[in-house]
Structure formats: C-alpha cells, structure tokens
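Worksheet: the structure to be examined is printed underneath.
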Amino acid sequence: MFGRSFMPITSLMQCFDDADEGRIDPMKYLLYVMSQHRELEERDNLIIIAACEAAAAAEAKSDEASAAPPRKRARRREPQVLREETIGEMQQMKYTDTYWYKNYVQSPNLTNNKFKKKFRRRFRCRYDSFETTSNSTQ
C-alpha cells in the first residue's frame with residue numbers, strides 16, 4: 001500500500017517481487033488470490049443463473065405439454081362374433097372357437113418338431129410345462 005501500484009494481477013508471475021529475485025510479494029499474491037476467488041464466484045453465479053433459467057424453461061415446457069388436450073379414452077372393444085352355421089345367426093365367440101385354442105389346446109401337433117420349436121419360441125416354455133401348468137390351474 002505504501003507507494004506500490006495495485007494494478008490488476010492476472011497471473012502468478014506478476015506476484016514475484018521486482019527487487020528480490022525469486023521472492024513472492026505477499027501483497028501482490030493476496031490480490032491475485034482474491035481476484036481468482038472473485039472470478040470463481042462470478043462463474044458459479046453464472047452457472048447457477050443458467051441452471052435456473054434451464055429449469056424454468058423445462059417447467060414452462062412441461063406446463064405447455066400438460067395443457068394439451070387429454071387423450072381420448074380407449075373404446076371398449078365389441079365382442080367378437082361368429083356366425084352359427086346351423087342356425088345362420090351371429091353369436092358371441094367363445095374362447096373354444098379361437099384359433100389359438102384349437103391349435104394349442106384342443107389338438108396340438110406334438111409329433112411335429114417344427115410345432116414344438118415354434119411353441120417354445122412364442123411362449124418361452126416347452127409344451128409339457130404348459131400342459132402341467134394348465135392342468136394344475138383347472
């Protein structure tokens with residue numbers, strides 16, 4: 001302070017004393033450290049401001065998305081109907097009339113290895129396991 005010029009110190013090299021060789025001037029070093037802290041605080045403040053702005057933008061975007069019209073409810077599917085051949089009338093299809101029931105439960109082709117392989121890939125279990133499970137649930 002006594003006759004020293006206190007211009008901004010931007011690097012550690014400026015902290016070395018001009019009179020002595022290899023010695024750091026404590027006052028210059030203190031000013032350098034304080035300027036570094038100030039810069040870090042400014043950066044932290046800018047980061048915090050940017051994060052707040054991003055959060056506010058995301059919140060505004062989510063508010064806009066929630067303001068969109070609500071999705072329509074899924075309609076209940078009509079029961080599948082099947083034409084009764086003897087009477088000629090339409091009747092509701094039973095589970096025993098489905099393709100799946102006829103092929104896998106009523107008359108499975110257990111002699112064909114291709115059928116077994118396809119069943120195992122589709123349902124991730126062997127047909128024997130399927131039979132024991134379905135018999136135990138009945």
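Simple scheme: letters A, B, ... for chains in structure tokens order, numbers from 1 for residues in each chain, numbers from 1 for ligands in the order shown.
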Residues near range 101-107 of chain A, cut-off 10 Å, only C-alpha atoms, skip fewer than 4 positions along chain, as a list in words:
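In the requested format, the answer is Tyr95, Thr96, Asp97, Phe115, Phe119, Tyr127, Phe130, Glu131 and Ser134 of chain A.
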Just to be explicit: take each residue in the selection above, keep N, CA and C atoms, and write the result as a PDB file, in the first residue's frame.
```pdb
ATOM      1  N   TYR A  95     -64.204 -68.788 -26.169  1.00  0.00           N
ATOM      2  CA  TYR A  95     -62.760 -68.990 -26.208  1.00  0.00           C
ATOM      3  C   TYR A  95     -62.403 -70.305 -26.890  1.00  0.00           C
ATOM      4  N   THR A  96     -63.316 -71.259 -26.896  1.00  0.00           N
ATOM      5  CA  THR A  96     -63.039 -72.547 -27.544  1.00  0.00           C
ATOM      6  C   THR A  96     -63.089 -72.438 -29.062  1.00  0.00           C
ATOM      7  N   ASP A  97     -63.616 -71.337 -29.591  1.00  0.00           N
ATOM      8  CA  ASP A  97     -63.697 -71.153 -31.039  1.00  0.00           C
ATOM      9  C   ASP A  97     -62.473 -70.456 -31.614  1.00  0.00           C
ATOM     10  N   PHE A 115     -43.560 -77.625 -34.844  1.00  0.00           N
ATOM     11  CA  PHE A 115     -44.589 -77.119 -33.949  1.00  0.00           C
ATOM     12  C   PHE A 115     -44.025 -76.901 -32.546  1.00  0.00           C
ATOM     13  N   PHE A 119     -43.709 -73.312 -30.665  1.00  0.00           N
ATOM     14  CA  PHE A 119     -44.372 -73.106 -29.380  1.00  0.00           C
ATOM     15  C   PHE A 119     -43.377 -72.609 -28.336  1.00  0.00           C
ATOM     16  N   TYR A 127     -43.959 -77.427 -24.321  1.00  0.00           N
ATOM     17  CA  TYR A 127     -45.377 -77.752 -24.298  1.00  0.00           C
ATOM     18  C   TYR A 127     -45.723 -78.598 -23.079  1.00  0.00           C
ATOM     19  N   PHE A 130     -46.311 -76.322 -20.256  1.00  0.00           N
ATOM     20  CA  PHE A 130     -47.586 -75.648 -20.461  1.00  0.00           C
ATOM     21  C   PHE A 130     -48.753 -76.550 -20.044  1.00  0.00           C
ATOM     22  N   GLU A 131     -48.705 -77.819 -20.438  1.00  0.00           N
ATOM     23  CA  GLU A 131     -49.775 -78.759 -20.083  1.00  0.00           C
ATOM     24  C   GLU A 131     -49.884 -78.942 -18.581  1.00  0.00           C
ATOM     25  N   SER A 134     -51.357 -75.728 -17.062  1.00  0.00           N
ATOM     26  CA  SER A 134     -52.780 -75.538 -17.360  1.00  0.00           C
ATOM     27  C   SER A 134     -53.638 -76.578 -16.644  1.00  0.00           C
TER      28      SER A 134
END
```
For the structure I just gave you, how does DSSP split chain A - specifically, which residues are helix (DSSP H, G or I)? Reply as an MDAnalysis selection string.
chainID A and resid 12:15 26:66 95:97 99:106 113:123 127:137
For the structure I just gave you, how does DSSP split range 2-135 of chain A - specifically, which residues are strand (DSSP E or B)? Reply as a PyMOL selection string.
chain A and resi 16+24+81-83+90-92
Atoms to include: N, CA, C and O atoms. Write the selected residues as an mmCIF file, in the first residue's frame.
```cif
data_model
loop_
_atom_site.group_PDB
_atom_site.id
_atom_site.type_symbol
_atom_site.label_atom_id
_atom_site.label_comp_id
_atom_site.auth_asym_id
_atom_site.auth_seq_id
_atom_site.Cartn_x
_atom_site.Cartn_y
_atom_site.Cartn_z
ATOM 1 N N PHE A 16 5.709 -12.025 -8.315
ATOM 2 C CA PHE A 16 7.113 -12.010 -7.896
ATOM 3 C C PHE A 16 7.571 -10.569 -7.691
ATOM 4 O O PHE A 16 7.220 -9.667 -8.444
ATOM 5 N N ILE A 24 8.213 -13.974 -3.667
ATOM 6 C CA ILE A 24 6.851 -13.543 -3.993
ATOM 7 C C ILE A 24 6.468 -12.414 -3.051
ATOM 8 O O ILE A 24 6.649 -12.517 -1.838
ATOM 9 N N VAL A 81 -67.830 -61.725 -32.869
ATOM 10 C CA VAL A 81 -68.996 -62.552 -33.165
ATOM 11 C C VAL A 81 -68.641 -63.591 -34.209
ATOM 12 O O VAL A 81 -67.716 -63.417 -35.001
ATOM 13 N N LEU A 82 -69.371 -64.656 -34.173
ATOM 14 C CA LEU A 82 -69.152 -65.768 -35.084
ATOM 15 C C LEU A 82 -70.502 -66.200 -35.628
ATOM 16 O O LEU A 82 -71.490 -66.259 -34.895
ATOM 17 N N ARG A 83 -70.538 -66.509 -36.877
ATOM 18 C CA ARG A 83 -71.806 -66.928 -37.482
ATOM 19 C C ARG A 83 -72.024 -68.408 -37.203
ATOM 20 O O ARG A 83 -71.190 -69.250 -37.508
ATOM 21 N N MET A 90 -75.787 -64.694 -35.852
ATOM 22 C CA MET A 90 -74.496 -64.263 -35.298
ATOM 23 C C MET A 90 -74.537 -64.427 -33.785
ATOM 24 O O MET A 90 -75.491 -63.998 -33.135
ATOM 25 N N GLN A 91 -73.511 -65.061 -33.249
ATOM 26 C CA GLN A 91 -73.423 -65.262 -31.812
ATOM 27 C C GLN A 91 -72.042 -64.850 -31.332
ATOM 28 O O GLN A 91 -71.077 -64.837 -32.098
ATOM 29 N N GLN A 92 -71.948 -64.561 -30.026
ATOM 30 C CA GLN A 92 -70.658 -64.166 -29.466
ATOM 31 C C GLN A 92 -69.701 -65.349 -29.478
ATOM 32 O O GLN A 92 -70.064 -66.475 -29.160
#
```
Nearest-residue call for Thr10 in chain A, choices A:Leu31, A:Gly88, A:Pro69, A:Pro26, using only C-alpha atoms
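Distance minimum relative to Thr10 in chain A lands on A:Leu31.
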Rounded to one decimal, what separation in Å do you get between CA of Lys28 in chain A and CA of Leu12 in chain A?
9.0 Å
Could you jot down the CA of Pro8 in chain A to CA of Met34 in chain A separation for me, Å, one decimal place?
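According to the coordinates, CA of Pro8 in chain A and CA of Met34 in chain A are separated by 10.5 Å.
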